[in-house]
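J.: So that you have it, the file is entry-v1.cif, and it contains mmCIF, C-alpha atoms and all ligand atoms:
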data_final
loop_
_atom_site.label_atom_id
_atom_site.label_comp_id
_atom_site.auth_asym_id
_atom_site.auth_seq_id
_atom_site.Cartn_x
_atom_site.Cartn_y
_atom_site.Cartn_z
CA SER A 1 173.86 -37.76 -28.67
CA LEU A 2 170.46 -37.77 -27.07
CA ASP A 3 168.43 -34.65 -26.21
CA VAL A 4 167.46 -35.70 -22.70
CA SER A 5 165.54 -32.53 -21.87
CA SER A 6 162.86 -33.20 -24.48
CA LEU A 7 162.84 -36.92 -23.58
CA THR A 8 162.30 -35.97 -19.92
CA ARG A 9 159.40 -33.73 -20.90
CA GLN A 10 157.82 -36.50 -23.01
CA THR A 11 158.36 -39.47 -20.68
CA GLY A 12 158.77 -37.98 -17.20
CA LEU A 13 161.96 -40.07 -16.79
CA THR A 14 164.94 -38.58 -14.96
CA ALA A 15 168.55 -39.64 -15.67
CA LEU A 16 170.66 -40.02 -12.52
CA ASP A 17 174.24 -39.00 -13.34
CA TYR A 18 176.50 -38.47 -10.32
CA GLY A 19 179.33 -36.09 -11.22
CA PHE A 20 177.72 -35.38 -14.64
CA VAL A 21 179.86 -38.12 -16.16
CA ASN A 22 177.52 -38.42 -19.14
CA THR A 23 175.50 -35.24 -19.16
CA ALA A 24 176.20 -32.45 -21.64
CA ALA A 25 174.82 -29.23 -20.19
CA THR A 26 175.43 -27.15 -23.30
CA LYS A 27 176.72 -26.97 -26.85
CA SER A 28 179.96 -25.00 -27.19
CA LYS A 29 182.29 -23.80 -29.96
CA ILE A 30 185.20 -22.91 -27.71
CA THR A 31 187.31 -25.96 -26.84
CA TYR A 32 187.55 -29.49 -28.21
CA ILE A 33 188.88 -32.40 -26.17
CA ASP A 34 189.30 -36.03 -27.20
CA GLY A 35 190.20 -37.77 -23.96
CA ASP A 36 191.10 -41.10 -25.54
CA GLU A 37 193.45 -39.59 -28.10
CA GLY A 38 194.88 -36.90 -25.78
CA ILE A 39 193.75 -34.03 -28.03
CA LEU A 40 193.07 -30.48 -26.84
CA ARG A 41 192.23 -27.62 -29.21
CA TYR A 42 191.15 -24.04 -28.56
CA ARG A 43 188.81 -22.85 -31.35
CA GLY A 44 190.28 -25.61 -33.52
CA TYR A 45 193.96 -24.81 -32.92
CA PRO A 46 196.01 -27.62 -31.32
CA ILE A 47 197.34 -26.77 -27.85
CA GLU A 48 200.86 -27.79 -28.90
CA GLN A 49 200.91 -25.14 -31.66
CA LEU A 50 199.46 -22.44 -29.42
CA ALA A 51 201.94 -23.22 -26.64
CA ALA A 52 204.85 -23.05 -29.07
CA GLY A 53 203.89 -20.01 -31.12
CA SER A 54 201.29 -17.85 -29.41
CA THR A 55 201.00 -15.60 -26.37
CA TYR A 56 198.57 -15.60 -23.48
CA LEU A 57 196.85 -12.40 -24.63
CA GLU A 58 196.50 -13.70 -28.18
CA VAL A 59 195.00 -16.93 -26.83
CA ALA A 60 192.68 -14.91 -24.57
CA TRP A 61 191.41 -13.03 -27.62
CA LEU A 62 191.05 -16.27 -29.58
CA LEU A 63 189.00 -17.93 -26.85
CA ILE A 64 186.79 -14.91 -26.25
CA TYR A 65 186.20 -13.76 -29.85
CA GLY A 66 186.54 -17.04 -31.75
CA GLU A 67 189.34 -16.11 -34.22
CA LEU A 68 192.98 -15.10 -33.96
CA PRO A 69 193.34 -11.32 -33.63
CA THR A 70 195.00 -9.23 -36.33
CA ALA A 71 198.17 -7.43 -35.23
CA ASP A 72 196.14 -4.21 -34.77
CA GLN A 73 193.42 -5.92 -32.76
CA LEU A 74 195.99 -7.58 -30.51
CA GLY A 75 197.88 -4.31 -30.06
CA GLU A 76 194.70 -2.45 -29.07
CA PHE A 77 193.63 -5.28 -26.73
CA ASP A 78 197.02 -5.24 -25.01
CA GLU A 79 196.94 -1.45 -24.74
CA ARG A 80 193.43 -1.41 -23.23
CA ILE A 81 194.41 -4.06 -20.69
CA ARG A 82 197.49 -2.05 -19.69
CA ARG A 83 195.30 1.03 -19.17
CA HIS A 84 192.96 -0.84 -16.79
CA THR A 85 195.46 -2.43 -14.41
CA LEU A 86 195.07 0.12 -11.61
CA LEU A 87 192.79 -0.78 -8.73
CA HIS A 88 190.55 1.79 -7.06
CA GLU A 89 192.55 3.13 -4.08
CA ASP A 90 189.67 2.18 -1.74
CA LEU A 91 189.99 -1.43 -2.85
CA LYS A 92 193.50 -1.48 -1.44
CA ARG A 93 191.94 -0.96 2.02
CA PHE A 94 189.96 -4.14 1.40
CA PHE A 95 193.24 -6.08 1.65
CA SER A 96 193.96 -4.50 5.05
CA ALA A 97 190.77 -6.01 6.43
CA LEU A 98 192.00 -9.56 5.74
CA PRO A 99 194.46 -11.56 7.87
CA HIS A 100 197.89 -12.07 6.30
CA THR A 101 197.37 -15.82 6.83
CA ALA A 102 194.39 -15.81 4.43
CA HIS A 103 194.67 -18.25 1.55
CA PRO A 104 195.26 -16.17 -1.61
CA MET A 105 192.48 -18.06 -3.43
CA SER A 106 190.00 -16.78 -0.81
CA VAL A 107 191.48 -13.30 -1.17
CA ILE A 108 191.15 -13.18 -4.96
CA SER A 109 187.61 -14.59 -5.06
CA SER A 110 186.52 -12.07 -2.40
CA ALA A 111 188.25 -9.24 -4.26
CA LEU A 112 186.44 -10.13 -7.48
CA SER A 113 183.11 -10.04 -5.65
CA ALA A 114 184.20 -6.68 -4.28
CA LEU A 115 184.95 -5.44 -7.83
CA SER A 116 181.26 -5.80 -8.69
CA THR A 117 180.51 -3.23 -5.96
CA TYR A 118 182.56 -0.71 -7.99
CA TYR A 119 181.46 -1.55 -11.49
CA GLU A 120 178.07 -3.27 -11.46
CA SER A 121 175.88 -1.03 -9.30
CA GLY A 122 173.16 0.24 -11.58
CA ALA A 123 174.77 -1.30 -14.67
CA ASP A 124 173.15 -3.77 -17.04
CA PRO A 125 175.58 -6.72 -16.74
CA HIS A 126 174.56 -7.94 -20.21
CA ASP A 127 174.89 -4.70 -22.14
CA PRO A 128 177.45 -5.55 -24.88
CA GLU A 129 179.61 -2.47 -24.26
CA HIS A 130 179.59 -3.13 -20.54
CA VAL A 131 180.57 -6.78 -21.12
CA GLU A 132 183.52 -5.61 -23.28
CA LEU A 133 184.70 -3.26 -20.54
CA THR A 134 184.26 -5.93 -17.85
CA THR A 135 186.28 -8.37 -19.96
CA ILE A 136 189.17 -5.88 -20.11
CA ARG A 137 188.88 -4.96 -16.44
CA LEU A 138 188.98 -8.59 -15.34
CA LEU A 139 191.99 -9.48 -17.48
CA ALA A 140 193.82 -6.37 -16.30
CA LYS A 141 192.96 -6.42 -12.61
CA LEU A 142 192.99 -10.10 -11.59
CA PRO A 143 196.81 -10.35 -11.92
CA VAL A 144 197.22 -7.19 -9.84
CA ILE A 145 194.83 -8.48 -7.18
CA ALA A 146 196.67 -11.82 -7.21
CA ALA A 147 200.05 -10.13 -6.75
CA TYR A 148 198.66 -8.04 -3.86
CA ALA A 149 197.34 -11.23 -2.22
CA HIS A 150 200.91 -12.56 -2.47
CA LYS A 151 202.51 -9.35 -1.13
CA LYS A 152 199.94 -9.21 1.67
CA SER A 153 200.90 -12.73 2.78
CA LEU A 154 204.55 -11.60 2.97
CA GLY A 155 203.77 -8.33 4.74
CA GLN A 156 205.36 -6.38 1.88
CA ALA A 157 204.25 -3.14 0.22
CA PHE A 158 202.05 -3.27 -2.87
CA LEU A 159 203.68 -1.92 -6.03
CA TYR A 160 201.82 0.05 -8.68
CA PRO A 161 201.53 -1.73 -12.03
CA ASP A 162 204.23 -0.70 -14.50
CA ASN A 163 202.29 -0.40 -17.72
CA LYS A 164 205.38 -0.11 -19.88
CA LEU A 165 205.87 -3.80 -19.24
CA SER A 166 204.22 -6.71 -20.98
CA PHE A 167 201.36 -8.57 -19.27
CA VAL A 168 203.53 -11.29 -17.71
CA ASP A 169 206.48 -9.03 -16.87
CA ASN A 170 204.18 -6.60 -15.12
CA PHE A 171 202.73 -9.49 -13.13
CA LEU A 172 206.16 -10.87 -12.22
CA LYS A 173 207.36 -7.42 -11.13
CA LEU A 174 204.26 -6.92 -8.95
CA ASN A 175 205.05 -10.23 -7.25
CA PHE A 176 208.82 -10.13 -6.98
CA GLY A 177 209.76 -6.47 -7.28
CA ASN A 178 210.17 -4.13 -4.34
CA MET A 179 210.19 -0.39 -3.80
CA ALA A 180 213.92 -0.23 -3.04
CA GLU A 181 215.44 -1.46 -6.27
CA ASP A 182 214.76 -1.91 -9.97
CA TYR A 183 213.17 -5.13 -11.06
CA GLU A 184 215.22 -7.13 -13.51
CA ILE A 185 213.21 -8.95 -16.16
CA ASN A 186 214.15 -12.57 -16.66
CA PRO A 187 212.99 -13.71 -20.14
CA VAL A 188 213.17 -17.37 -19.08
CA LEU A 189 210.55 -16.75 -16.41
CA SER A 190 208.39 -14.58 -18.69
CA THR A 191 208.31 -17.13 -21.51
CA ALA A 192 207.68 -20.06 -19.18
CA LEU A 193 204.88 -18.28 -17.32
CA ASP A 194 203.21 -17.11 -20.53
CA ARG A 195 203.27 -20.69 -21.80
CA LEU A 196 201.78 -22.07 -18.58
CA LEU A 197 198.98 -19.51 -18.72
CA ILE A 198 198.19 -20.62 -22.29
CA LEU A 199 198.05 -24.27 -21.21
CA HIS A 200 195.52 -23.42 -18.50
CA ALA A 201 193.41 -20.99 -20.54
CA ASP A 202 190.42 -23.26 -21.16
CA HIS A 203 189.28 -26.82 -20.66
CA GLU A 204 185.62 -26.86 -21.71
CA GLN A 205 183.09 -27.90 -19.04
CA ASN A 206 185.42 -28.57 -16.08
CA ALA A 207 184.06 -27.95 -12.55
CA SER A 208 185.02 -24.26 -12.32
CA THR A 209 183.83 -23.37 -15.83
CA SER A 210 180.58 -25.22 -15.21
CA THR A 211 180.26 -23.20 -11.99
CA VAL A 212 180.80 -19.94 -13.91
CA ARG A 213 178.13 -21.02 -16.39
CA LEU A 214 175.68 -22.14 -13.69
CA VAL A 215 176.00 -18.91 -11.73
CA GLY A 216 175.91 -16.89 -14.97
CA SER A 217 172.80 -18.76 -16.11
CA THR A 218 170.85 -17.01 -13.34
CA GLY A 219 171.65 -13.63 -14.93
CA ALA A 220 174.45 -12.91 -12.40
CA ASN A 221 177.21 -10.57 -13.57
CA LEU A 222 180.68 -11.64 -14.73
CA TYR A 223 182.47 -10.70 -11.49
CA ALA A 224 180.04 -12.75 -9.39
CA SER A 225 180.19 -15.70 -11.79
CA ILE A 226 183.98 -15.73 -11.96
CA SER A 227 184.37 -15.29 -8.23
CA ALA A 228 182.28 -18.47 -7.87
CA GLY A 229 184.47 -20.19 -10.48
CA ILE A 230 187.58 -19.32 -8.46
CA ASN A 231 186.04 -20.92 -5.39
CA ALA A 232 185.28 -24.07 -7.39
CA LEU A 233 188.84 -24.11 -8.71
CA SER A 234 190.31 -23.95 -5.20
CA GLY A 235 189.40 -27.56 -4.32
CA PRO A 236 192.20 -30.18 -4.30
CA LEU A 237 190.39 -32.36 -6.84
CA HIS A 238 190.48 -29.45 -9.32
CA GLY A 239 192.95 -26.53 -9.49
CA GLY A 240 194.02 -26.98 -5.88
CA ALA A 241 195.78 -30.16 -7.02
CA ASN A 242 198.91 -28.21 -8.09
CA GLU A 243 199.36 -27.08 -4.49
CA ALA A 244 198.50 -30.58 -3.21
CA VAL A 245 201.14 -32.17 -5.50
CA LEU A 246 203.95 -30.15 -3.99
CA GLU A 247 202.70 -30.81 -0.48
CA MET A 248 202.60 -34.54 -1.32
CA LEU A 249 206.16 -34.48 -2.71
CA GLY A 250 207.30 -32.57 0.38
CA ARG A 251 205.69 -35.12 2.69
CA ILE A 252 207.30 -38.05 0.83
CA GLN A 253 210.66 -36.30 1.04
CA ASP A 254 210.38 -35.39 4.73
CA SER A 255 208.97 -38.72 5.89
CA GLY A 256 211.70 -40.68 4.15
CA GLU A 257 209.14 -43.42 3.43
CA GLY A 258 210.28 -43.68 -0.19
CA VAL A 259 208.32 -43.52 -3.42
CA LYS A 260 207.54 -47.26 -3.54
CA ARG A 261 205.97 -47.32 -0.11
CA PHE A 262 203.94 -44.21 -0.93
CA VAL A 263 202.59 -45.79 -4.13
CA GLU A 264 201.64 -48.91 -2.14
CA ARG A 265 199.67 -46.73 0.27
CA VAL A 266 197.87 -45.09 -2.66
CA LYS A 267 196.99 -48.47 -4.16
CA ASN A 268 195.72 -49.75 -0.80
CA LYS A 269 193.71 -46.51 -0.47
CA GLU A 270 195.19 -46.08 3.03
CA ASP A 271 193.46 -43.10 4.66
CA GLY A 272 192.07 -42.23 1.22
CA VAL A 273 195.54 -41.12 0.06
CA LYS A 274 195.68 -40.35 -3.69
CA LEU A 275 198.49 -39.69 -6.09
CA MET A 276 197.77 -35.99 -6.55
CA GLY A 277 198.27 -34.67 -10.07
CA PHE A 278 197.28 -38.03 -11.50
CA GLY A 279 194.01 -39.00 -13.15
CA HIS A 280 191.48 -37.01 -15.09
CA ARG A 281 187.76 -37.26 -15.74
CA VAL A 282 188.24 -36.86 -19.48
CA TYR A 283 191.81 -37.86 -20.37
CA LYS A 284 192.11 -41.62 -20.23
CA ASN A 285 195.28 -41.87 -22.31
CA TYR A 286 197.41 -38.88 -21.43
CA ASP A 287 196.88 -35.20 -20.75
CA PRO A 288 198.58 -33.32 -23.64
CA ARG A 289 199.17 -30.35 -21.32
CA ALA A 290 201.09 -32.54 -18.85
CA LYS A 291 203.57 -33.50 -21.57
CA LEU A 292 204.23 -29.84 -22.39
CA VAL A 293 204.50 -28.85 -18.72
CA LYS A 294 207.00 -31.63 -18.07
CA GLU A 295 209.20 -30.36 -20.93
CA SER A 296 208.94 -26.83 -19.51
CA ALA A 297 209.86 -28.01 -16.00
CA THR A 298 213.15 -29.48 -17.19
CA GLU A 299 213.93 -26.44 -19.40
CA VAL A 300 213.08 -23.82 -16.77
CA LEU A 301 215.02 -25.48 -13.97
CA GLN A 302 218.02 -25.86 -16.26
CA ALA A 303 217.84 -22.27 -17.49
CA LEU A 304 217.52 -20.94 -13.94
CA GLY A 305 220.32 -23.19 -12.77
CA VAL A 306 218.00 -24.68 -10.13
CA LYS A 307 218.50 -28.26 -9.00
CA ASP A 308 215.36 -29.34 -7.21
CA PRO A 309 215.14 -32.89 -5.82
CA MET A 310 211.34 -32.50 -6.04
CA LEU A 311 211.58 -32.74 -9.84
CA ASP A 312 213.54 -36.00 -9.60
CA LEU A 313 211.04 -37.28 -7.05
CA ALA A 314 208.10 -36.38 -9.31
CA MET A 315 209.73 -38.15 -12.29
CA GLU A 316 210.45 -41.23 -10.19
CA LEU A 317 206.85 -41.26 -8.97
CA GLU A 318 205.49 -40.90 -12.49
CA GLN A 319 207.68 -43.71 -13.80
CA LEU A 320 206.66 -46.07 -11.01
CA ALA A 321 202.96 -45.30 -11.44
CA LEU A 322 203.02 -45.69 -15.23
CA GLU A 323 204.50 -49.18 -14.86
CA ASP A 324 202.00 -50.25 -12.22
CA ASP A 325 198.85 -52.27 -13.01
CA TYR A 326 196.72 -50.27 -10.55
CA PHE A 327 197.29 -47.08 -12.56
CA LYS A 328 197.27 -48.83 -15.96
CA GLU A 329 193.91 -50.54 -15.33
CA ARG A 330 192.33 -47.29 -14.17
CA ARG A 331 193.98 -45.35 -16.99
CA LEU A 332 195.56 -42.85 -14.62
CA TYR A 333 198.23 -40.56 -16.10
CA PRO A 334 199.82 -37.30 -14.96
CA ASN A 335 197.50 -34.34 -15.47
CA VAL A 336 198.40 -30.67 -16.03
CA ASP A 337 198.94 -30.15 -12.31
CA PHE A 338 201.63 -32.80 -11.79
CA TYR A 339 204.66 -30.74 -12.85
CA THR A 340 203.41 -27.14 -12.69
CA GLY A 341 204.22 -26.77 -8.97
CA VAL A 342 207.87 -27.61 -9.54
CA ILE A 343 208.09 -24.76 -12.09
CA TYR A 344 206.19 -22.25 -9.97
CA LYS A 345 208.45 -23.10 -7.04
CA ALA A 346 211.56 -22.54 -9.17
CA MET A 347 210.12 -19.16 -10.20
CA GLY A 348 209.87 -18.20 -6.53
CA PHE A 349 206.13 -18.49 -5.92
CA PRO A 350 205.03 -19.91 -2.56
CA THR A 351 202.90 -23.07 -2.73
CA ARG A 352 199.73 -21.20 -1.80
CA MET A 353 200.00 -19.05 -4.95
CA PHE A 354 199.99 -22.02 -7.34
CA THR A 355 196.23 -22.27 -7.76
CA VAL A 356 196.03 -18.50 -8.12
CA LEU A 357 198.31 -18.80 -11.17
CA PHE A 358 195.93 -21.43 -12.55
CA ALA A 359 193.03 -18.99 -12.01
CA ILE A 360 194.80 -16.23 -13.98
CA GLY A 361 195.40 -18.72 -16.78
CA ARG A 362 191.79 -19.94 -16.78
CA LEU A 363 190.24 -16.46 -16.70
CA PRO A 364 189.89 -16.03 -20.51
CA GLY A 365 188.15 -19.41 -20.71
CA TRP A 366 185.69 -18.50 -17.98
CA ILE A 367 184.95 -15.18 -19.69
CA ALA A 368 184.53 -16.87 -23.08
CA HIS A 369 182.06 -19.41 -21.65
CA TRP A 370 180.02 -16.78 -19.78
CA ARG A 371 179.78 -14.73 -22.97
CA GLU A 372 178.97 -17.69 -25.19
CA MET A 373 176.21 -18.78 -22.82
CA ASN A 374 174.65 -15.36 -22.66
CA LEU A 375 174.55 -15.12 -26.46
CA ASP A 376 172.99 -18.57 -26.81
CA PRO A 377 169.24 -18.26 -27.41
CA GLN A 378 168.78 -21.73 -25.90
CA ASN A 379 170.37 -20.67 -22.63
CA LYS A 380 168.18 -21.22 -19.60
CA ILE A 381 168.79 -21.21 -15.86
CA GLY A 382 170.80 -24.27 -14.81
CA ARG A 383 168.75 -26.39 -12.47
CA PRO A 384 169.62 -30.10 -12.01
CA GLN A 385 167.00 -32.61 -10.90
CA GLN A 386 167.29 -34.93 -7.90
CA LEU A 387 165.89 -38.29 -6.94
CA TYR A 388 164.31 -37.80 -3.54
CA ILE A 389 165.21 -40.66 -1.16
CA GLY A 390 164.12 -39.10 2.14
CA GLU A 391 161.13 -39.74 4.39
CA PRO A 392 157.62 -39.88 2.91
CA GLU A 393 155.12 -37.34 4.23
CA ARG A 394 154.65 -37.57 7.99
CA ASP A 395 152.89 -35.51 10.64
CA LEU A 396 154.50 -33.55 13.45
CA PRO A 397 153.80 -35.32 16.77
CA GLN A 398 150.98 -33.73 18.84
CA ARG A 399 152.53 -31.28 21.34
N1 LIG A 401 195.34 -41.66 -7.24
C1 LIG A 401 194.93 -42.92 -6.96
N2 LIG A 401 193.78 -43.46 -7.44
C2 LIG A 401 193.03 -42.68 -8.24
C3 LIG A 401 193.41 -41.37 -8.59
C4 LIG A 401 194.61 -40.87 -8.06
N3 LIG A 401 195.02 -39.63 -8.36
N4 LIG A 401 192.46 -40.85 -9.40
C5 LIG A 401 191.53 -41.79 -9.56
N5 LIG A 401 191.88 -42.90 -8.86
C6 LIG A 401 191.15 -44.18 -8.81
C7 LIG A 401 189.87 -44.05 -7.98
O1 LIG A 401 190.13 -44.35 -6.62
C8 LIG A 401 189.01 -45.08 -8.65
O2 LIG A 401 189.44 -46.36 -8.23
P1 LIG A 401 188.37 -47.55 -7.98
O3 LIG A 401 187.78 -47.87 -9.32
O4 LIG A 401 189.17 -48.66 -7.38
O5 LIG A 401 187.35 -47.01 -7.01
C9 LIG A 401 189.36 -44.95 -10.13
O6 LIG A 401 190.71 -44.47 -10.14
C10 LIG A 401 188.47 -43.99 -10.90
O7 LIG A 401 188.54 -42.71 -10.28
P2 LIG A 401 187.33 -41.70 -10.11
O8 LIG A 401 187.52 -40.97 -8.81
O9 LIG A 401 186.03 -42.40 -10.33
O10 LIG A 401 187.60 -40.73 -11.33
P3 LIG A 401 186.98 -39.31 -11.55
O11 LIG A 401 186.90 -39.11 -13.00
O12 LIG A 401 185.71 -39.15 -10.78
O13 LIG A 401 188.05 -38.32 -10.89
C11 LIG A 401 189.89 -36.91 -10.58
C12 LIG A 401 188.95 -37.59 -11.60
C13 LIG A 401 189.05 -36.10 -9.59
C14 LIG A 401 190.79 -35.93 -11.33
C15 LIG A 401 190.71 -37.98 -9.86
O14 LIG A 401 191.51 -38.68 -10.79
C16 LIG A 401 191.59 -37.40 -8.76
O15 LIG A 401 191.11 -37.22 -7.63
N6 LIG A 401 192.89 -37.07 -9.06
C17 LIG A 401 193.76 -36.47 -8.08
C18 LIG A 401 193.48 -34.98 -7.97
C19 LIG A 401 193.95 -34.22 -9.17
O16 LIG A 401 195.08 -34.36 -9.62
N7 LIG A 401 193.08 -33.33 -9.67
C20 LIG A 401 193.38 -32.47 -10.81
C21 LIG A 401 192.55 -32.84 -11.98
S1 LIG A 401 193.00 -31.90 -13.40
C22 LIG A 401 192.40 -30.38 -13.13
O17 LIG A 401 191.48 -30.13 -12.44
C23 LIG A 401 193.07 -29.32 -13.79
#
Could I get this file's structure written as structure tokens?
T.:
Amino acid sequence: SLDVSSLTRQTGLTALDYGFVNTAATKSKITYIDGDEGILRYRGYPIEQLAAGSTYLEVAWLLIYGELPTADQLGEFDERIRRHTLLHEDLKRFFSALPHTAHPMSVISSALSALSTYYESGADPHDPEHVELTTIRLLAKLPVIAAYAHKKSLGQAFLYPDNKLSFVDNFLKLNFGNMAEDYEINPVLSTALDRLLILHADHEQNASTSTVRLVGSTGANLYASISAGINALSGPLHGGANEAVLEMLGRIQDSGEGVKRFVERVKNKEDGVKLMGFGHRVYKNYDPRAKLVKESATEVLQALGVKDPMLDLAMELEQLALEDDYFKERRLYPNVDFYTGVIYKAMGFPTRMFTVLFAIGRLPGWIAHWREMNLDPQNKIGRPQQLYIGEPERDLPQR
């Protein structure tokens, strides 16, 4: 690799790199990806092993602190997170100020900005003890905020967190429980959701993580940086793709145009239509997460006894695309978002909550990157260059 910053200083040359296809903005020890081989590892551990034998909280610890926790460390981490799930009562009024039609991604990013009004006034956002507390608060409160965004959209009452429950069960109860009856835990849902959160927990310098790092590089606090990351994640080319996939499948189903005709329209780039959930900037062979999500989709639907024609449609679409030269030549394969929507739907989440679930999964990764950057002595404010192509100097006309 080439250290372009020193080369730029020596030669005055600027590299133009739309979309940062070839620009490393940092060194990192957190996540390793080999896009050609379809490899993803968190802190050296293969994603397949973590998905099969770990939990979301253990993976969160691993990403943030660099090693697997001991049983005591994990127990204490879990306990601290449970103790911080409650939101300030005043923050609940914040939800009343928003329309029930608000997209939950806008609600959660705004709520995280609002959290900094409670916890950052007068604080040093880089004080190590404060960063520890903020880490716990974020992990504990984002799921609660997310569930309230969901309940708000339904016009239903917010439940208090039930801290006897595990992280995922508490979250599921806050979303699907109600005041009138006891919430029944479904281990199939809990295991599947925990696994999906692990698969989303980090992905090195993707657009939202790079946003968190860029905002954080200015000295901004964790809430502000992560709120910005959530906004970056909301776009359909990034996390918003899981929502877009289900909308696409729904449109194909409702229009009756058939999968073949839809694929033709994608290939002809009619109205810029894309096969959502396909393609990736880094994976040019296959996305290892997509394989695991596809397995989960079949298992979860079977275990829940749900028969969803959307899953069959997605599989048909995948098969057709994988056999087609357009997709082969461009090395386009299903990404993590292709099958997640089908699972979230089977769990009972509305489409607009899908990207919120991605955000909860990605939170430990964002925190780990913000922390790594702030401990890096080489860290400096992120500030890309541009090549100016506008007008040369000119004078205002005499008036
Ligand atoms: N459907 C149809 N064609 C596609 C798709 C797709 N999903 N993705 C890329 N292509 C085509 C492009 O049109 C382009 O074709 P061309 O050479 O004829 O112009 C070629 O493949 C290369 O694509 P780029 O857009 O240059 O690839 P890039 O790396 O910039 O984009 C991206 C990656 C944004 C993920 C893209 O594949 C895409 O838009 N996919 C659909 C949205 C999606 O699923 N996003 C989720 C990504 S994963 C995540 O964020 C968790």
J.: Contacts of segment 259-276 of chain A at 10 Å or less, counting only C-alpha atoms, minus same-chain residues fewer than 6 places along, as a short mmCIF file (atom, residue, chain, number, x, y, z; two decimals) with C-alpha atoms, in the coordinates of the input?
T.:
data_model
loop_
_atom_site.label_atom_id
_atom_site.label_comp_id
_atom_site.auth_asym_id
_atom_site.auth_seq_id
_atom_site.Cartn_x
_atom_site.Cartn_y
_atom_site.Cartn_z
CA PRO A 236 192.20 -30.18 -4.30
CA LEU A 237 190.39 -32.36 -6.84
CA GLY A 240 194.02 -26.98 -5.88
CA ALA A 241 195.78 -30.16 -7.02
CA ASN A 242 198.91 -28.21 -8.09
CA GLU A 243 199.36 -27.08 -4.49
CA ALA A 244 198.50 -30.58 -3.21
CA VAL A 245 201.14 -32.17 -5.50
CA LEU A 246 203.95 -30.15 -3.99
CA GLU A 247 202.70 -30.81 -0.48
CA MET A 248 202.60 -34.54 -1.32
CA LEU A 249 206.16 -34.48 -2.71
CA ARG A 251 205.69 -35.12 2.69
CA ILE A 252 207.30 -38.05 0.83
CA GLN A 253 210.66 -36.30 1.04
CA LEU A 313 211.04 -37.28 -7.05
CA ALA A 314 208.10 -36.38 -9.31
CA GLU A 316 210.45 -41.23 -10.19
CA LEU A 317 206.85 -41.26 -8.97
CA GLU A 318 205.49 -40.90 -12.49
CA LEU A 320 206.66 -46.07 -11.01
CA ALA A 321 202.96 -45.30 -11.44
CA ASP A 324 202.00 -50.25 -12.22
CA ASP A 325 198.85 -52.27 -13.01
CA TYR A 326 196.72 -50.27 -10.55
CA PHE A 327 197.29 -47.08 -12.56
CA LEU A 332 195.56 -42.85 -14.62
CA PRO A 334 199.82 -37.30 -14.96
CA ASN A 335 197.50 -34.34 -15.47
CA ASP A 337 198.94 -30.15 -12.31
CA PHE A 338 201.63 -32.80 -11.79
#
J.: Of the residues A:Lys92, A:Arg195, A:His103, A:His280, which is the one nearest to ligand LIG 401 (chain A), using all atoms listed in the file?
T.: A:His280
J.: If we draw a sphere of 10 Å around (192.2, -17.8, -8.1), which residues have at least one atom in it when counting only C-alpha atoms? Please report them as a ChimeraX atom specification.
T.: /A:103-110,112,142-143,145-146,226-234,239-240,353-363
J.: Which distance in Å separates atom CA of Arg383 of chain A and atom CA of Ser1 of chain A, to one decimal?
T.: 20.4 Å
J.: I'd like the neighbourhood of Ala201 of chain A as a list of chain:residue names, where a residue qualifies if any of its atoms comes within 8 Å (using all atoms listed in the file), though same-chain residues fewer than 2 positions away should be ignored.
T.: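 Answer for this query is A:Val59, A:Ala60, A:Leu197, A:Ile198, A:Leu199, A:His203, A:Gly361, A:Arg362, A:Leu363, A:Pro364, A:Gly365.
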J.: For a quick check of understanding, using all atoms listed in the file, which of A:Tyr45, A:Tyr333, A:Trp61, A:Tyr388 has the smallest distance to ligand LIG 401 (chain A)?
T.: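 Looking at the shortest contact to ligand LIG 401 (chain A), the residue is A:Tyr333.
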J.: Pick the closest to ligand LIG 401 (chain A) from A:Ile343, A:Ile389, A:Ala290, A:Leu2: which is it, counting all atoms listed in the file?
T.: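 Checking each candidate against ligand LIG 401 (chain A), we get A:Ala290 as the closest.
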J.: Compute the distance from (168.3, -39.2, -9.2) to each atom, counting all atoms listed in the file, keep the residues with any atom at most 12 Å away, and return them as a PyMOL selection string; use the coordinates of the file.
T.: chain A and resi 13-20+384-389
J.: Mind checking which residues fall within 10 Å of segment 62-65 of chain A, counting only C-alpha atoms, ignoring those fewer than 4 positions away in the same chain, and posting them as a list in words?
T.: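 Once the adjacent positions are removed, what remains is Lys29, Ile30, Thr31, Tyr42, Arg43, Tyr45, Tyr56, Leu57, Glu58, Pro69, Thr135, Ala201, Asp202, Pro364, Gly365, Trp366, Ile367, Ala368, His369, Trp370, Arg371 and Glu372 of chain A.
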J.: To one decimal place, how far is atom CA of Phe278 of chain A from atom CA of Leu50 of chain A in Å?
T.: 23.9 Å
J.: Nearest residue to ligand LIG 401 (chain A) out of A:Ala149, A:Ala102, A:Ala123, A:Leu322, using all atoms listed in the file?
T.: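 Ranking A:Ala149, A:Ala102, A:Ala123, A:Leu322 by distance to ligand LIG 401 (chain A), first place goes to A:Leu322.
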J.: Between A:Glu329, A:Glu132, A:Asp182, A:Glu295, which residue has the minimum interatomic distance to ligand LIG 401 (chain A), considering all atoms listed in the file?
T.: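 Of A:Glu329, A:Glu132, A:Asp182, A:Glu295, the one nearest ligand LIG 401 (chain A) is A:Glu329, counting all atoms listed in the file.
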J.: Is it possible to get the axis-aligned box enclosing ligand LIG 401 (chain A) (all listed atoms, 8 Å extra per side) as lines of an AutoDock Vina configuration file, with centre and edge lengths in Å rounded to one decimal?
T.:
center_x = 190.5
center_y = -39.0
center_z = -10.2
size_x = 25.6
size_y = 35.3
size_z = 23.2
